[in-house]
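K.L.:
Provided herewith is a single structure, encoded as structure tokens, for subsequent inquiry.
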Amino acid sequence: YAHSSVCRCGGVLTLTQPVPRRWLNLQEYQSKKLMQESGVAVQRFYVADTASEALEAAKRLNAKEIVLKAQILAGGRGKGVFDSGLKGGVHLTKDPAVVGELANKMLGFNLTTKQTPKDGVKVKTVMVAEALDISRETYFAILMDRSCNGPVMVGSPQGGMDIEEVAASSPELIFKEVIDIFQGVRDDQALGMAANLGFKGPLQRQAADQIKRLYDLFLKVDATQVEVNPLGETPEGQVVCFDAKINFDDNAEFRQKAVFAMDDMTESDPTEMEAAKWDLKYIGLDGNIACFVNGAGLAMATCDIIDLHGGKPANFLDLGGGVKERQVYEAFKLLTADPKVEAILVNIFGGIVNCAIIANGITKACRELELKVPLVVRLEGTNVHEAKRILTESGLPITAAENLDDAAKKAVAAIKK
């Protein structure tokens, strides 16, 4: 999960990137606002929280055609369904009055798409924007690439679709240009990329200007990626960024307070939010064996081997390094609060982590939370002998495991028993 960037507008580009501490998710209108502030060409738009506000916004736009978009973080909005009965979270109309009627069936109702929970997500905001025709779609992105030790531009004349499909079927249509972090995007680079994207005549210069402005935005907000899909050409001869996904460097939060203040936490999973408070990375899954692990790779391996032995992981919980006893305790609180969990498997490799700290945290949590489900523990690495002594002398019903395979077998057997 650490090495791919997924675009809400359809693009997926796999390049090596650092693992973020957490994810900052912005609504579409928020990303457009950031782009607007950097001089990037986007559709004229307003944001509304009520149907009457949406109607007034549609009138103010005074556009030939208007697009109304429900603002949720999940993709697939256009094909989604509201529990009000309205089909589609994206609607086009030439009549401002219709905007008010549609907004009335969106706001306050749940929208369900392929990427939302089964009950959908409540829509609290809609974007009312000028609808522009697109005569041609291209793909453009700027992102940090570790192999290049800095930012790169990636573009294709084939936009508006999954960029990985283009890369697989027509690799010659993917263009990559390394950016010198000290020089920035040179004029010749921007013009060359615009030409590779298929812009001609005056549009080439216009597209090059947009590329440079997107790079300015990339630096300004400490982004790890700015992906525009599509970067479109209109019949009137405009180059417009129709949809974008911006990924941010979470380590720059201290100097990007205004950007991070826009973080929409209302759609986040409450358990994931609670985990983030304690610097834990948690992802809920559908099984019944909780995985309590340090390191993303070890967590994925643990989930896989549980599945191999006939069990199903209930979650992906990564402690990371520099663990404190309180984190272990809070992690157990999260795991035991999940009614699906019928067993807990702790799999810790103590490199940076001191196994004795883990053992003390486990015993404290077991006693204070009155653990009711089987607990299997596999520890290895730093101070492991002291850790095993702590667990053994605790008198708690903890099942020790010698290795990962042994731990998975015992966790699955504990549930069957």
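Residues are referred to by chain and number: the chain letter is A, B, ... according to the order shown in the structure tokens, the number counts from 1 in that chain, and ligands are numbered separately from 1 in the order shown.
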Considering only C-alpha atoms, return as JSON, numbers by chain whatever protein or nucleic-acid residues lie within 7 Å of Asp249 in chain A, sequence-local ones (same chain, fewer than 6 positions apart) excluded.
P.N.:
{"A": [222, 223, 224]}
K.L.:
Can those selected residues be exported to a file as an mmCIF file, in the first residue's frame so that it contains all heavy atoms?
P.N.:
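That gives us part.cif:
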```
data_model
loop_
_atom_site.group_PDB
_atom_site.id
_atom_site.type_symbol
_atom_site.label_atom_id
_atom_site.label_comp_id
_atom_site.auth_asym_id
_atom_site.auth_seq_id
_atom_site.Cartn_x
_atom_site.Cartn_y
_atom_site.Cartn_z
ATOM 1 N N ASP A 222 4.071 21.435 -0.592
ATOM 2 C CA ASP A 222 4.853 20.252 -0.175
ATOM 3 C C ASP A 222 4.169 18.964 -0.610
ATOM 4 O O ASP A 222 3.947 18.044 0.184
ATOM 5 C CB ASP A 222 5.069 20.230 1.342
ATOM 6 C CG ASP A 222 6.139 21.209 1.790
ATOM 7 O OD1 ASP A 222 7.281 21.080 1.315
ATOM 8 O OD2 ASP A 222 5.841 22.114 2.592
ATOM 9 N N ALA A 223 3.824 18.883 -1.875
ATOM 10 C CA ALA A 223 3.153 17.692 -2.396
ATOM 11 C C ALA A 223 4.156 16.594 -2.710
ATOM 12 O O ALA A 223 5.321 16.867 -3.019
ATOM 13 C CB ALA A 223 2.365 18.041 -3.659
ATOM 14 N N THR A 224 3.707 15.360 -2.624
ATOM 15 C CA THR A 224 4.498 14.237 -3.144
ATOM 16 C C THR A 224 3.993 13.860 -4.532
ATOM 17 O O THR A 224 4.668 13.177 -5.282
ATOM 18 C CB THR A 224 4.403 13.008 -2.222
ATOM 19 O OG1 THR A 224 3.025 12.682 -2.018
ATOM 20 C CG2 THR A 224 5.062 13.285 -0.880
#
```
K.L.:
Could you give me, as an NGL selection string, each residue of range 31-251 of chain A that DSSP assigns to strand (DSSP E or B) when run on this structure's backbone?
P.N.:
:A and (45-48 or 66-70 or 81-82 or 87 or 90-93 or 110-112 or 121-122 or 126-130 or 136-145 or 150-156 or 175-178 or 180 or 184 or 223-233 or 239-241 or 244-248)
K.L.:
With only C-alpha atoms as the atoms that count, which of A:Val353, A:Ile211, A:Ala400, A:Thr363 lies nearest to Thr382 in chain A?
P.N.:
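Ranked by minimum distance to Thr382 in chain A, first place goes to A:Val353.
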K.L.:
Go through A:Asp338, A:Glu274, A:Asp119, A:Glu53 one by one, measure the shortest atom-to-atom distance of each to Glu101 in chain A using only C-alpha atoms, and give the residue with the smallest value.
P.N.:
A:Glu53
K.L.:
Would you pick out the contacts of range 306-320 of chain A at 10 Å or less, using only C-alpha atoms, so that residues sharing its chain but fewer than 3 positions from it are not included, and give the list as a PyMOL selection string?
P.N.:
chain A and resi 21+272+275+278-303+323-324+327-328+331+334-335+338+340-346+348+352-353+404-405+407-413+415-416
K.L.:
Select from range 6-202 of chain A everything DSSP, run on the backbone, classes as alpha helix (DSSP H), then give the selection as a PyMOL selection string.
P.N.:
chain A and resi 28-37+51-61+96-106+163-169+187-196+202
K.L.:
When you look at Leu68 in chain A with a cut-off of 6 Å (counting only C-alpha atoms), what residues show up, excluding the ones that are within fewer than 3 positions of it in the same chain? I need them as a list in words.
P.N.:
Val90, His91, Met127 and Val128 of chain A
K.L.:
Keeping only C-alpha atoms, write the selected residues to a file as a CSV table (one decimal), in the first residue's frame.
P.N.:
```csv
chain,number,residue,atom,x,y,z
A,90,VAL,CA,-22.7,13.8,-10.9
A,91,HIS,CA,-25.3,15.5,-13.0
A,127,MET,CA,-19.9,21.6,-6.0
A,128,VAL,CA,-21.7,23.6,-8.6
```
